[in-house]
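Colleague: Sharing run_20.cif below, mmCIF, C-alpha atoms:
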```
data_final
loop_
_atom_site.label_atom_id
_atom_site.label_comp_id
_atom_site.auth_asym_id
_atom_site.auth_seq_id
_atom_site.Cartn_x
_atom_site.Cartn_y
_atom_site.Cartn_z
CA MET A 23 126.00 248.02 66.58
CA PHE A 24 124.88 250.11 69.54
CA PRO A 25 126.38 248.95 72.87
CA GLN A 26 124.29 251.39 74.95
CA VAL A 27 120.99 253.21 74.37
CA PHE A 28 119.59 255.72 76.87
CA VAL A 29 117.10 258.56 77.24
CA LEU A 30 117.83 261.73 79.23
CA SER A 31 115.68 264.64 80.31
CA SER A 32 116.54 268.20 79.34
CA GLN A 33 118.29 268.55 82.73
CA GLY A 34 120.43 265.45 82.19
CA ASP A 35 118.41 263.08 84.42
CA ARG A 36 118.66 259.46 83.32
CA LEU A 37 115.17 258.20 82.45
CA VAL A 38 116.04 255.01 80.53
CA TYR A 39 119.41 253.26 80.30
CA LYS A 40 120.05 249.96 78.50
CA ASP A 41 123.56 248.44 78.35
CA PHE A 42 123.44 245.56 75.87
CA ARG A 43 127.04 244.43 76.38
CA GLY A 44 127.67 245.31 80.01
CA ASP A 45 130.79 247.36 79.29
CA GLY A 46 129.36 250.85 79.70
CA GLY A 47 131.30 253.10 82.06
CA SER A 48 129.73 254.47 85.21
CA ASP A 49 130.02 258.06 83.95
CA LEU A 50 128.89 257.44 80.38
CA VAL A 51 125.65 259.38 80.76
CA GLY A 52 127.37 262.26 82.54
CA ALA A 53 130.07 262.42 79.87
CA PHE A 54 127.43 262.71 77.15
CA TYR A 55 125.47 265.44 78.92
CA ARG A 56 128.59 267.52 79.62
CA ARG A 57 129.63 267.30 75.98
CA VAL A 58 126.20 268.00 74.47
CA THR A 59 125.53 271.03 76.70
CA ALA A 60 128.93 272.48 75.75
CA LEU A 61 128.06 272.39 72.05
CA PRO A 62 126.76 275.53 70.30
CA GLY A 63 123.08 276.02 69.48
CA ALA A 64 123.26 274.03 66.22
CA GLN A 65 124.12 270.71 67.84
CA ALA A 66 125.77 268.05 65.71
CA PRO A 67 123.97 264.70 66.01
CA LEU A 68 127.29 262.84 66.38
CA PHE A 69 130.42 263.56 68.40
CA ARG A 70 133.28 261.67 70.04
CA GLY A 71 132.99 260.28 73.56
CA PRO A 72 135.39 258.51 75.97
CA ASP A 73 137.32 255.29 75.24
CA GLY A 74 136.91 255.53 71.47
CA LEU A 75 133.10 255.55 71.58
CA HIS A 76 130.94 257.98 69.64
CA PHE A 77 127.62 259.41 70.75
CA ALA A 78 124.71 259.76 68.31
CA HIS A 79 121.63 261.59 69.53
CA VAL A 80 118.35 263.16 68.46
CA ARG A 81 116.18 265.55 70.45
CA HIS A 82 112.42 265.26 70.75
CA ALA A 83 110.13 267.22 73.10
CA GLY A 84 113.12 268.29 75.19
CA LEU A 85 114.40 264.72 75.65
CA TYR A 86 117.75 263.31 74.47
CA PHE A 87 117.61 259.91 72.75
CA VAL A 88 121.19 258.62 72.65
CA ALA A 89 123.06 255.61 71.28
CA THR A 90 126.76 254.83 71.55
CA LEU A 91 128.70 253.64 68.50
CA LEU A 92 131.87 251.61 68.17
CA PRO A 93 134.57 252.78 65.72
CA GLY A 94 133.60 251.89 62.17
CA ALA A 95 129.84 251.93 62.78
CA SER A 96 127.70 253.99 60.40
CA PRO A 97 126.63 257.32 61.93
CA PHE A 98 123.77 257.61 59.42
CA LEU A 99 122.40 254.26 60.58
CA ALA A 100 122.57 255.43 64.20
CA VAL A 101 120.64 258.65 63.56
CA GLU A 102 118.06 256.80 61.45
CA PHE A 103 117.64 254.17 64.19
CA LEU A 104 117.09 256.81 66.88
CA ALA A 105 114.54 258.61 64.69
CA ARG A 106 112.64 255.34 64.22
CA LEU A 107 112.91 254.63 67.95
CA VAL A 108 111.22 257.97 68.69
CA THR A 109 108.45 257.17 66.19
CA LEU A 110 107.92 253.71 67.70
CA LEU A 111 107.76 255.05 71.25
CA ARG A 112 105.23 257.65 70.13
CA ASP A 113 103.18 254.83 68.62
CA TYR A 114 103.30 252.81 71.83
CA CYS A 115 103.22 255.55 74.50
CA GLY A 116 101.50 258.48 72.81
CA ALA A 117 102.91 261.99 73.23
CA LEU A 118 106.49 261.72 74.46
CA ASP A 119 107.57 263.82 77.42
CA GLU A 120 109.40 263.23 80.68
CA GLN A 121 106.24 262.19 82.53
CA THR A 122 105.17 259.73 79.82
CA VAL A 123 108.61 258.10 79.77
CA GLY A 124 108.54 257.80 83.55
CA LEU A 125 105.12 256.14 83.52
CA ASN A 126 106.03 253.73 80.71
CA PHE A 127 109.67 252.92 81.45
CA ALA A 128 108.91 249.17 81.70
CA LEU A 129 107.19 249.24 78.28
CA ILE A 130 110.14 251.15 76.80
CA TYR A 131 112.60 248.57 78.14
CA GLU A 132 110.46 245.82 76.58
CA VAL A 133 110.51 247.63 73.22
CA LEU A 134 114.30 248.01 73.39
CA ASP A 135 114.72 244.30 74.19
CA GLU A 136 112.76 243.39 71.05
CA LEU A 137 114.47 246.02 68.87
CA LEU A 138 118.06 245.10 69.70
CA ASP A 139 119.86 241.86 70.46
CA TYR A 140 123.33 242.38 71.98
CA GLY A 141 123.28 245.83 70.38
CA TYR A 142 122.34 244.65 66.88
CA VAL A 143 119.08 245.91 65.33
CA GLN A 144 116.56 243.10 64.74
CA THR A 145 113.53 244.98 63.41
CA THR A 146 111.81 248.36 63.67
CA ARG A 147 108.55 247.35 61.97
CA PRO A 148 105.58 248.01 64.26
CA GLU A 149 103.49 245.19 62.73
CA VAL A 150 106.23 242.72 63.74
CA LEU A 151 106.87 244.19 67.18
CA LYS A 152 103.21 244.17 68.22
CA ASN A 153 103.32 240.34 68.24
CA PHE A 154 105.91 240.40 71.03
CA ILE A 155 105.07 243.47 73.13
CA GLN A 156 102.88 242.41 76.04
CA MET A 157 102.68 245.49 78.26
CA GLU A 158 100.06 248.18 77.83
CA PRO A 159 100.88 251.90 77.90
CA LEU A 160 99.91 254.12 80.81
CA VAL A 161 98.42 257.46 79.79
CA SER A 162 98.31 260.42 82.16
CA GLN A 163 95.19 262.49 81.66
CA HIS A 164 95.15 266.00 83.09
CA PHE A 165 91.68 267.30 83.81
CA SER A 166 91.11 271.01 83.31
CA LEU A 167 87.91 272.97 83.65
CA LEU A 168 89.22 275.24 80.90
CA ASP A 169 89.62 272.42 78.37
CA LEU A 170 86.07 271.90 77.11
CA SER A 171 86.88 271.47 73.43
CA THR A 172 85.26 268.02 73.24
CA VAL A 173 82.20 268.71 75.40
CA GLY A 174 78.89 269.56 73.71
CA LEU A 175 76.71 272.27 75.17
CA PHE A 176 74.30 270.51 77.57
CA GLY A 177 74.85 267.29 75.63
CA ALA A 178 73.92 268.85 72.29
CA ASP A 179 75.86 267.90 69.17
CA THR A 180 77.50 271.29 68.62
CA GLN A 181 79.80 272.12 65.72
CA GLN A 182 82.71 272.44 68.17
CA SER A 183 82.19 268.89 69.42
CA LYS A 184 82.66 267.56 65.87
CA VAL A 185 86.24 268.85 65.70
CA ALA A 186 88.97 266.37 66.57
CA PRO A 187 90.87 267.65 69.64
CA SER A 188 94.54 268.40 69.08
CA SER A 189 95.61 265.59 71.44
CA ALA A 190 93.60 262.89 69.63
CA ALA A 191 96.49 261.86 67.37
CA THR A 192 99.01 261.75 70.24
CA ARG A 193 97.43 258.85 72.11
CA PRO A 194 99.07 255.39 71.94
CA VAL A 195 98.37 253.23 68.92
CA LEU A 196 97.98 250.14 71.09
CA PRO A 197 94.40 249.79 72.39
CA LEU A 198 94.05 250.49 76.09
CA ARG A 199 91.95 248.42 78.44
CA GLY A 200 88.29 249.28 78.06
CA GLU A 201 88.81 250.80 74.61
CA GLN A 202 88.50 247.67 72.49
CA GLY A 203 85.20 248.91 71.10
CA ALA A 204 86.45 252.39 70.26
CA ARG A 205 85.98 253.43 66.64
CA PRO A 206 89.31 253.49 64.74
CA GLU A 207 90.73 256.72 63.36
CA VAL A 208 93.16 257.78 60.65
CA PHE A 209 95.06 261.10 60.74
CA LEU A 210 96.68 262.53 57.63
CA ASP A 211 98.90 265.55 58.30
CA VAL A 212 100.49 267.86 55.73
CA VAL A 213 103.38 269.47 57.62
CA GLU A 214 105.63 272.15 56.12
CA ARG A 215 108.74 273.71 57.67
CA LEU A 216 109.76 277.12 56.41
CA SER A 217 113.37 278.40 56.30
CA VAL A 218 113.80 282.07 55.34
CA VAL A 219 116.60 284.63 55.37
CA ILE A 220 115.56 288.25 54.67
CA ALA A 221 118.13 290.95 53.97
CA ALA A 222 118.16 294.28 55.79
CA ASN A 223 116.44 295.97 52.83
CA GLY A 224 113.53 293.48 53.01
CA THR A 225 114.58 291.32 50.06
CA PRO A 226 114.30 287.55 50.61
CA MET A 227 117.75 285.99 50.23
CA LYS A 228 116.72 282.40 50.88
CA THR A 229 113.34 280.70 50.93
CA ASP A 230 113.06 276.98 51.47
CA VAL A 231 110.03 274.80 52.22
CA GLN A 232 110.47 271.25 53.44
CA GLY A 233 107.20 269.35 53.59
CA GLU A 234 105.92 265.90 54.30
CA ILE A 235 102.65 264.00 54.34
CA ARG A 236 102.44 261.92 57.52
CA LEU A 237 99.89 259.21 58.16
CA LYS A 238 99.04 257.94 61.63
CA SER A 239 96.65 255.02 61.69
CA PHE A 240 94.69 253.68 64.65
CA PHE A 241 92.93 251.27 62.30
CA PRO A 242 93.94 247.58 62.68
CA GLY A 243 93.61 245.48 59.55
CA CYS A 244 93.25 248.49 57.29
CA SER A 245 92.49 247.81 53.62
CA GLU A 246 94.11 249.79 50.82
CA MET A 247 93.87 253.56 51.22
CA ARG A 248 93.72 255.99 48.30
CA ILE A 249 94.93 259.55 48.87
CA GLY A 250 94.24 262.14 46.19
CA LEU A 251 96.60 265.12 45.96
CA THR A 252 95.99 268.40 44.15
CA GLU A 253 95.61 267.61 40.45
CA GLU A 254 97.92 270.53 39.53
CA PHE A 255 100.74 269.10 41.68
CA CYS A 256 103.92 269.39 39.57
CA VAL A 257 107.42 268.08 40.24
CA GLY A 258 110.19 270.16 38.67
CA LYS A 259 110.32 273.55 37.01
CA THR A 260 108.90 272.63 33.61
CA GLU A 261 106.09 270.13 34.25
CA LEU A 262 102.55 271.40 33.56
CA ARG A 263 99.35 269.71 34.72
CA GLY A 264 95.65 270.57 34.86
CA TYR A 265 94.04 273.90 34.16
CA GLY A 266 94.46 275.69 37.49
CA THR A 267 97.42 277.32 39.20
CA ALA A 268 100.28 274.85 39.43
CA VAL A 269 101.36 273.58 42.85
CA ARG A 270 105.04 273.13 42.13
CA VAL A 271 107.82 271.44 44.12
CA ASP A 272 111.44 270.91 43.15
CA GLU A 273 111.65 267.27 44.21
CA CYS A 274 109.73 264.65 46.17
CA SER A 275 110.29 261.15 47.50
CA PHE A 276 107.95 258.42 48.72
CA HIS A 277 107.96 255.69 51.32
CA SER A 278 108.72 252.25 49.91
CA SER A 279 105.21 251.00 50.76
CA VAL A 280 103.48 253.66 48.62
CA LYS A 281 102.14 252.42 45.26
CA LEU A 282 102.59 254.97 42.48
CA GLU A 283 100.67 253.37 39.59
CA GLU A 284 98.07 256.18 39.63
CA PHE A 285 100.37 259.01 40.66
CA GLU A 286 101.56 260.09 37.21
CA ARG A 287 98.06 260.10 35.72
CA SER A 288 95.78 261.17 38.58
CA ARG A 289 98.08 262.23 41.45
CA ILE A 290 96.75 259.43 43.67
CA LEU A 291 98.83 257.61 46.30
CA ARG A 292 97.88 254.07 47.31
CA VAL A 293 99.06 252.46 50.52
CA ASN A 294 98.17 249.60 52.88
CA PRO A 295 99.11 251.19 56.21
CA SER A 296 99.72 249.25 59.38
CA GLN A 297 98.98 250.71 62.79
CA GLY A 298 101.41 253.47 63.63
CA GLU A 299 103.00 256.51 62.03
CA LEU A 300 104.38 256.66 58.52
CA ALA A 301 105.91 259.43 56.36
CA LEU A 302 104.21 258.79 53.02
CA MET A 303 105.84 261.58 51.00
CA GLN A 304 108.53 264.21 51.48
CA TYR A 305 109.01 267.18 49.20
CA GLN A 306 111.06 270.37 48.91
CA LEU A 307 110.57 273.75 47.32
CA ALA A 308 113.30 276.41 47.17
CA ASP A 309 113.46 280.11 46.28
CA ASP A 310 110.11 280.38 44.52
CA ILE A 311 107.08 279.79 46.75
CA PRO A 312 103.66 280.74 45.34
CA SER A 313 102.42 282.58 48.43
CA ALA A 314 103.72 285.65 50.22
CA LEU A 315 105.99 285.17 53.22
CA PRO A 316 103.95 284.96 56.43
CA PHE A 317 105.68 287.90 58.16
CA ARG A 318 107.47 291.11 57.21
CA LEU A 319 109.37 293.23 59.73
CA PHE A 320 109.94 296.99 59.46
CA PRO A 321 112.56 298.08 62.01
CA THR A 322 113.64 301.61 62.95
CA ILE A 323 116.77 302.05 65.07
CA ASN A 324 117.76 305.29 66.83
CA HIS A 325 120.51 305.99 69.33
CA ASP A 326 122.30 308.91 70.93
CA ALA A 327 125.64 309.59 72.57
CA SER A 328 124.25 309.17 76.10
CA GLY A 329 123.80 305.41 75.61
CA ARG A 330 120.07 305.31 74.88
CA LEU A 331 119.07 302.88 72.15
CA GLN A 332 115.54 302.81 70.74
CA VAL A 333 114.32 299.96 68.54
CA TYR A 334 110.88 300.33 66.96
CA LEU A 335 109.55 297.15 65.34
CA LYS A 336 106.45 296.91 63.15
CA LEU A 337 105.51 293.31 62.45
CA ARG A 338 103.09 292.74 59.59
CA CYS A 339 101.31 289.43 59.04
CA ASP A 340 100.85 288.80 55.30
CA LEU A 341 98.80 285.63 55.71
CA PRO A 342 95.28 285.54 54.19
CA THR A 343 92.73 287.26 56.38
CA LYS A 344 91.04 283.94 57.22
CA SER A 345 94.33 282.45 58.47
CA HIS A 346 96.22 283.16 61.66
CA ALA A 347 99.54 282.38 63.33
CA VAL A 348 99.93 281.18 66.90
CA ASN A 349 102.81 281.01 69.37
CA VAL A 350 104.64 283.85 67.64
CA CYS A 351 107.97 284.63 69.32
CA LEU A 352 110.45 287.26 68.14
CA HIS A 353 114.03 286.93 69.35
CA LEU A 354 116.25 290.03 69.12
CA PRO A 355 119.87 289.86 70.35
CA VAL A 356 120.95 293.17 71.94
CA PRO A 357 124.36 294.57 72.95
CA LYS A 358 125.90 292.66 75.83
CA ALA A 359 126.33 295.86 77.81
CA SER A 360 122.55 296.51 77.92
CA LEU A 361 121.41 297.25 81.47
CA SER A 362 117.65 297.86 81.38
CA LEU A 363 114.65 297.66 79.07
CA ALA A 364 111.54 299.82 78.78
CA GLN A 365 108.82 298.75 76.39
CA GLU A 366 105.63 299.94 74.73
CA LEU A 367 103.51 297.22 73.13
CA SER A 368 100.55 297.73 70.82
CA SER A 369 98.17 295.33 72.60
CA PRO A 370 97.83 293.97 76.17
CA GLU A 371 98.04 290.26 75.27
CA GLN A 372 101.63 290.71 74.10
CA ALA A 373 104.62 290.27 76.42
CA ALA A 374 108.30 291.17 76.16
CA ALA A 375 111.31 290.75 78.44
CA LEU A 376 115.06 291.18 78.39
CA GLN A 377 116.70 287.79 78.92
CA SER A 378 119.82 288.48 80.96
CA SER A 379 121.36 285.05 80.30
CA THR A 380 121.31 285.44 76.50
CA LYS A 381 121.21 289.27 76.30
CA SER A 382 118.24 289.25 73.99
CA ILE A 383 114.68 290.56 73.89
CA GLU A 384 111.90 287.98 73.68
CA TRP A 385 108.67 289.41 72.27
CA VAL A 386 105.82 286.89 72.54
CA VAL A 387 102.42 287.17 70.83
CA PRO A 388 99.90 284.33 71.40
CA ARG A 389 97.96 284.90 68.16
CA VAL A 390 98.27 287.11 65.07
CA GLN A 391 95.46 287.36 62.53
CA GLY A 392 96.28 287.46 58.83
CA GLY A 393 96.35 290.98 57.38
CA SER A 394 97.02 292.62 60.77
CA GLN A 395 100.12 294.31 62.11
CA LEU A 396 101.66 294.78 65.55
CA SER A 397 104.25 297.19 66.87
CA ALA A 398 106.64 297.42 69.78
CA LEU A 399 109.02 300.11 71.01
CA PHE A 400 112.02 298.97 73.05
CA LYS A 401 114.22 301.45 74.92
CA LEU A 402 117.58 300.17 76.11
CA GLU A 403 120.27 301.68 78.34
CA VAL A 404 123.64 300.73 76.86
CA PRO A 405 126.72 302.32 78.52
CA GLY A 406 129.54 303.03 76.10
CA LEU A 407 127.30 302.76 73.04
CA SER A 408 129.34 302.96 69.86
CA ARG A 409 129.20 301.84 66.24
CA ALA A 410 131.06 298.63 67.15
CA VAL A 411 128.60 297.89 69.97
CA LEU A 412 125.66 298.45 67.60
CA ARG A 413 126.86 295.53 65.49
CA GLU A 414 125.79 293.25 68.35
CA LEU A 415 122.15 294.16 67.63
CA GLY A 416 120.32 291.47 65.66
CA PRO A 417 119.63 289.59 63.54
CA VAL A 418 115.97 288.99 64.39
CA SER A 419 114.65 285.41 64.41
CA LEU A 420 110.96 284.50 64.39
CA SER A 421 109.27 281.29 65.45
CA PHE A 422 105.60 280.62 64.81
CA GLU A 423 103.02 278.06 63.76
CA VAL A 424 100.26 278.51 61.18
CA PRO A 425 97.43 275.93 61.41
CA ALA A 426 95.27 274.98 58.43
CA TYR A 427 97.76 276.53 55.97
CA THR A 428 100.52 275.42 53.59
CA CYS A 429 103.00 277.71 51.84
CA SER A 430 103.23 275.42 48.80
CA GLY A 431 99.46 275.28 48.27
CA LEU A 432 99.38 271.46 48.42
CA GLN A 433 95.94 270.10 49.36
CA ILE A 434 94.41 266.66 49.89
CA ARG A 435 91.46 266.09 47.52
CA PHE A 436 90.17 262.93 49.16
CA LEU A 437 91.02 260.09 51.53
CA ARG A 438 89.18 256.86 50.72
CA PHE A 439 89.30 253.15 51.48
CA THR A 440 88.81 250.49 48.84
CA GLY A 441 86.56 247.51 49.40
CA THR A 442 83.89 247.11 52.04
CA GLN A 443 84.68 248.13 55.62
CA PRO A 444 82.56 246.76 58.48
CA ASN A 445 83.56 249.72 60.63
CA LEU A 446 84.60 252.75 58.61
CA PRO A 447 87.16 254.82 60.55
CA TYR A 448 87.05 258.50 61.27
CA ARG A 449 89.33 260.35 58.85
CA TRP A 450 91.04 263.61 59.75
CA VAL A 451 93.12 265.75 57.38
CA ARG A 452 95.17 268.53 58.96
CA TYR A 453 97.56 271.18 57.62
CA VAL A 454 100.22 273.10 59.52
CA THR A 455 103.23 275.28 58.70
CA HIS A 456 106.09 275.71 61.17
CA SER A 457 108.99 278.12 61.11
CA LYS A 458 112.20 276.10 60.99
CA SER A 459 114.48 279.14 60.65
CA TYR A 460 113.07 282.61 59.96
CA VAL A 461 115.89 285.18 60.13
CA ILE A 462 115.63 288.90 59.38
CA ARG A 463 118.81 290.95 59.21
CA LEU A 464 118.96 294.53 60.51
CA ASN A 465 120.70 297.63 59.20
CA THR A 466 122.36 299.16 62.28
CA GLY A 467 124.04 301.90 60.30
#
```
With the file now loaded, output its structure as structure tokens.

Modeller:
Amino acid sequence: MFPQVFVLSSQGDRLVYKDFRGDGGSDLVGAFYRRVTALPGAQAPLFRGPDGLHFAHVRHAGLYFVATLLPGASPFLAVEFLARLVTLLRDYCGALDEQTVGLNFALIYEVLDELLDYGYVQTTRPEVLKNFIQMEPLVSQHFSLLDLSTVGLFGADTQQSKVAPSSAATRPVLPLRGEQGARPEVFLDVVERLSVVIAANGTPMKTDVQGEIRLKSFFPGCSEMRIGLTEEFCVGKTELRGYGTAVRVDECSFHSSVKLEEFERSRILRVNPSQGELALMQYQLADDIPSALPFRLFPTINHDASGRLQVYLKLRCDLPTKSHAVNVCLHLPVPKASLSLAQELSSPEQAAALQSSTKSIEWVVPRVQGGSQLSALFKLEVPGLSRAVLRELGPVSLSFEVPAYTCSGLQIRFLRFTGTQPNLPYRWVRYVTHSKSYVIRLNTG
């Protein structure tokens, strides 16, 4: 049972607040925000609040989605409910951010009224909810002269105009007014999150890949869909399949709606998807990935008695030459006594700055091509530099995104519909690898 459910911005502003029992305190939202901002970086999804209540929360796109729990309620149920709430709101409103929530607050209240009755969950199935939701989503469209990814050259059918724009899958699932005749689409995403810890000598200490196959359907009344995975896809250390290089995972799980009659023989998933988003399969691979790690770092650290500290970083991208990484950000904690930073970067599109609030260097690179390397020299003034102060340097953490690439090697062979379709939907298959935690330790001597 969830007496209160609310949504806050990253600054603590109340965007949505629903009190199902009428006993929520006046400072309930403020109490949550004070507690959650006082937590360390790795925030626990559940913690104790006032008057015996507990707060459960998930973060998405900078927003806090929060539910209160009475003593004895299941915390796992609360976190699972909030995750499904986020998925439902993405289905109904499109990409979730503060502006979208503000435009669609009436729709969100209607969804909450159908989801919960006096705080008790009734249903989270989108095919059931769509029979009761009457409001239509409002979508804010920002026009930019620089965003011409979907415009053909003088009306010609260029190759660029055939590519689905990145925002196509973030629109609402519900049809908007004037779009009843729009051709339906199906997006199949293979998303992998990479967790790595590299020792100071360059040896990987931990390598973990968490992946999932997500389906988002804008196709009402969809017939059965058949999804063919790589034939050499193996589960476990000993299984062997096919004649090519094995694509091996340690374990995998499937959504309850996925039919597995053809999976063992042909590695084919069958599903009858409803409109909305669905995680078809989740898998995990640890310690033994078939490809090289995306990035290697070669640091050189020098210092002298006068308090000058020099850190030279050479960042090598070990992706295939046809691949690239975007939104690369290197985070380097420095001694708290650091006063100033001088920098020498290997290319003009890079940027670096000393963040005074966190006492760390942020080195940002918009794009890194596979097989290339970058370098940066940072010169710091650190009064009272000593061996103990040097221990405050590092470790380095990297964040990045690699489109059209998977570390496991998993690929989609085909995406087909059975039976006759009067209006065959567009089908898009996309791959992306994110860094979940990419930590490189330093040897400071």

Colleague: May I have the residues within 10 Å of A:Thr109 as a CSV table (one decimal) with C-alpha atoms, in the frame of the given file, using only C-alpha atoms and disregarding those fewer than 4 positions away in the same chain?

Modeller:
```
chain,number,residue,atom,x,y,z
A,103,PHE,CA,117.6,254.2,64.2
A,104,LEU,CA,117.1,256.8,66.9
A,105,ALA,CA,114.5,258.6,64.7
A,113,ASP,CA,103.2,254.8,68.6
A,114,TYR,CA,103.3,252.8,71.8
A,115,CYS,CA,103.2,255.6,74.5
A,116,GLY,CA,101.5,258.5,72.8
A,118,LEU,CA,106.5,261.7,74.5
A,146,THR,CA,111.8,248.4,63.7
A,148,PRO,CA,105.6,248.0,64.3
A,298,GLY,CA,101.4,253.5,63.6
A,299,GLU,CA,103.0,256.5,62.0
A,300,LEU,CA,104.4,256.7,58.5
```

Colleague: Given the file above and the PyMOL selection byres ((chain A and resi 449) around 7), which residues are selected, and can you give them as a list in words?

Modeller: Glu207, Val208, Phe209, Pro447, Tyr448, Trp450 and Val451 of chain A

Colleague: Write out as a ChimeraX atom specification which residues come within 7 Å of A:Leu464 when counting all atoms listed in the file, dropping same-chain ones fewer than 4 positions away.

Modeller: /A:222,416-417

Colleague: So what does the PyMOL selection byres ((chain A and resi 272) around 10) actually pick up in this one, as JSON, numbers by chain?

Modeller: {"A": [231, 256, 257, 258, 259, 270, 271, 273, 274, 305, 306, 307, 308, 309, 310]}

Colleague: Which neighbours of stretch 326-331 of chain A fall inside 10 Å, counting only C-alpha atoms, when residues of the same chain fewer than 2 positions from it are skipped, and could you give them as a list in words?

Modeller: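 Returned residues: Ile323, Asn324, Val333, Val356, Pro357, Ser360, Leu363, Phe400, Lys401, Leu402, Glu403, Val404, Pro405, Gly406, Leu407, Ser408 and Leu412 of chain A.
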
Colleague: Quick one: pull the distance between atom CA of A:Thr343 and atom CA of A:Gln391, Å, one decimal.

Modeller: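 About the pair atom CA of A:Thr343 and atom CA of A:Gln391: they are 6.7 Å apart.
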
Colleague: Please write as a PyMOL selection string the full residue list that the PyMOL selection byres ((chain A and resi 126-142) around 10) yields on this file.

Modeller: chain A and resi 23-28+37-44+89-91+103+107+110-111+114-115+121-125+143-147+150-152+154-161

Colleague: Filtering to C-alpha atoms, could you give me those residues as a PDB file, keeping the file's coordinate frame?

Modeller:
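What landed in again_1.pdb:
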```pdb
ATOM      1  CA  MET A  23     126.000 248.020  66.580  1.00  0.00           C
ATOM      2  CA  PHE A  24     124.880 250.110  69.540  1.00  0.00           C
ATOM      3  CA  PRO A  25     126.380 248.950  72.870  1.00  0.00           C
ATOM      4  CA  GLN A  26     124.290 251.390  74.950  1.00  0.00           C
ATOM      5  CA  VAL A  27     120.990 253.210  74.370  1.00  0.00           C
ATOM      6  CA  PHE A  28     119.590 255.720  76.870  1.00  0.00           C
ATOM      7  CA  LEU A  37     115.170 258.200  82.450  1.00  0.00           C
ATOM      8  CA  VAL A  38     116.040 255.010  80.530  1.00  0.00           C
ATOM      9  CA  TYR A  39     119.410 253.260  80.300  1.00  0.00           C
ATOM     10  CA  LYS A  40     120.050 249.960  78.500  1.00  0.00           C
ATOM     11  CA  ASP A  41     123.560 248.440  78.350  1.00  0.00           C
ATOM     12  CA  PHE A  42     123.440 245.560  75.870  1.00  0.00           C
ATOM     13  CA  ARG A  43     127.040 244.430  76.380  1.00  0.00           C
ATOM     14  CA  GLY A  44     127.670 245.310  80.010  1.00  0.00           C
ATOM     15  CA  ALA A  89     123.060 255.610  71.280  1.00  0.00           C
ATOM     16  CA  THR A  90     126.760 254.830  71.550  1.00  0.00           C
ATOM     17  CA  LEU A  91     128.700 253.640  68.500  1.00  0.00           C
ATOM     18  CA  PHE A 103     117.640 254.170  64.190  1.00  0.00           C
ATOM     19  CA  LEU A 107     112.910 254.630  67.950  1.00  0.00           C
ATOM     20  CA  LEU A 110     107.920 253.710  67.700  1.00  0.00           C
ATOM     21  CA  LEU A 111     107.760 255.050  71.250  1.00  0.00           C
ATOM     22  CA  TYR A 114     103.300 252.810  71.830  1.00  0.00           C
ATOM     23  CA  CYS A 115     103.220 255.550  74.500  1.00  0.00           C
ATOM     24  CA  GLN A 121     106.240 262.190  82.530  1.00  0.00           C
ATOM     25  CA  THR A 122     105.170 259.730  79.820  1.00  0.00           C
ATOM     26  CA  VAL A 123     108.610 258.100  79.770  1.00  0.00           C
ATOM     27  CA  GLY A 124     108.540 257.800  83.550  1.00  0.00           C
ATOM     28  CA  LEU A 125     105.120 256.140  83.520  1.00  0.00           C
ATOM     29  CA  VAL A 143     119.080 245.910  65.330  1.00  0.00           C
ATOM     30  CA  GLN A 144     116.560 243.100  64.740  1.00  0.00           C
ATOM     31  CA  THR A 145     113.530 244.980  63.410  1.00  0.00           C
ATOM     32  CA  THR A 146     111.810 248.360  63.670  1.00  0.00           C
ATOM     33  CA  ARG A 147     108.550 247.350  61.970  1.00  0.00           C
ATOM     34  CA  VAL A 150     106.230 242.720  63.740  1.00  0.00           C
ATOM     35  CA  LEU A 151     106.870 244.190  67.180  1.00  0.00           C
ATOM     36  CA  LYS A 152     103.210 244.170  68.220  1.00  0.00           C
ATOM     37  CA  PHE A 154     105.910 240.400  71.030  1.00  0.00           C
ATOM     38  CA  ILE A 155     105.070 243.470  73.130  1.00  0.00           C
ATOM     39  CA  GLN A 156     102.880 242.410  76.040  1.00  0.00           C
ATOM     40  CA  MET A 157     102.680 245.490  78.260  1.00  0.00           C
ATOM     41  CA  GLU A 158     100.060 248.180  77.830  1.00  0.00           C
ATOM     42  CA  PRO A 159     100.880 251.900  77.900  1.00  0.00           C
ATOM     43  CA  LEU A 160      99.910 254.120  80.810  1.00  0.00           C
ATOM     44  CA  VAL A 161      98.420 257.460  79.790  1.00  0.00           C
TER      45      VAL A 161
END
```

Colleague: May I ask for the distance between atom CA of A:Phe240 and atom CA of A:Leu210, given in Å to one decimal place?

Modeller: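 Separation between atom CA of A:Phe240 and atom CA of A:Leu210: 11.5 Å.
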
Colleague: Which one is closest to A:Ser288: A:Thr267, A:Asn465, A:Gln33, A:Thr252? Count only C-alpha atoms.

Modeller: A:Thr252

Colleague: Atom CA of A:Ser239 and atom CA of A:Leu291, how far apart in Å?

Modeller: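 For atom CA of A:Leu291 relative to atom CA of A:Ser239, the distance reads 15.8 Å.
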
Colleague: Would you kindly return, as a PyMOL selection string, each protein, DNA or RNA residue with an atom no farther than 10 Å from any atom of stretch 53-58 of chain A, considering only C-alpha atoms and excluding same-chain residues fewer than 2 positions away?

Modeller: chain A and resi 30-35+47-51+60-63+65-72+76-79+86+88+90

Colleague: Report as a Markdown table the residues of stretch 344-386 of chain A within 6 Å of stretch 421-434 of chain A, each with its shortest atom pair and distance in Å (one decimal), using all atoms listed in the file, ordered by chain and increasing residue number.

Modeller:
```
| residue | atom | partner | partner_atom | distance |
| --- | --- | --- | --- | --- |
| A:Ala347 | CA | A:Val424 | CA | 4.5 |
| A:Val348 | CA | A:Glu423 | CA | 5.4 |
| A:Asn349 | CA | A:Phe422 | CA | 5.4 |
| A:Val350 | CA | A:Phe422 | CA | 4.4 |
| A:Cys351 | CA | A:Ser421 | CA | 5.3 |
```
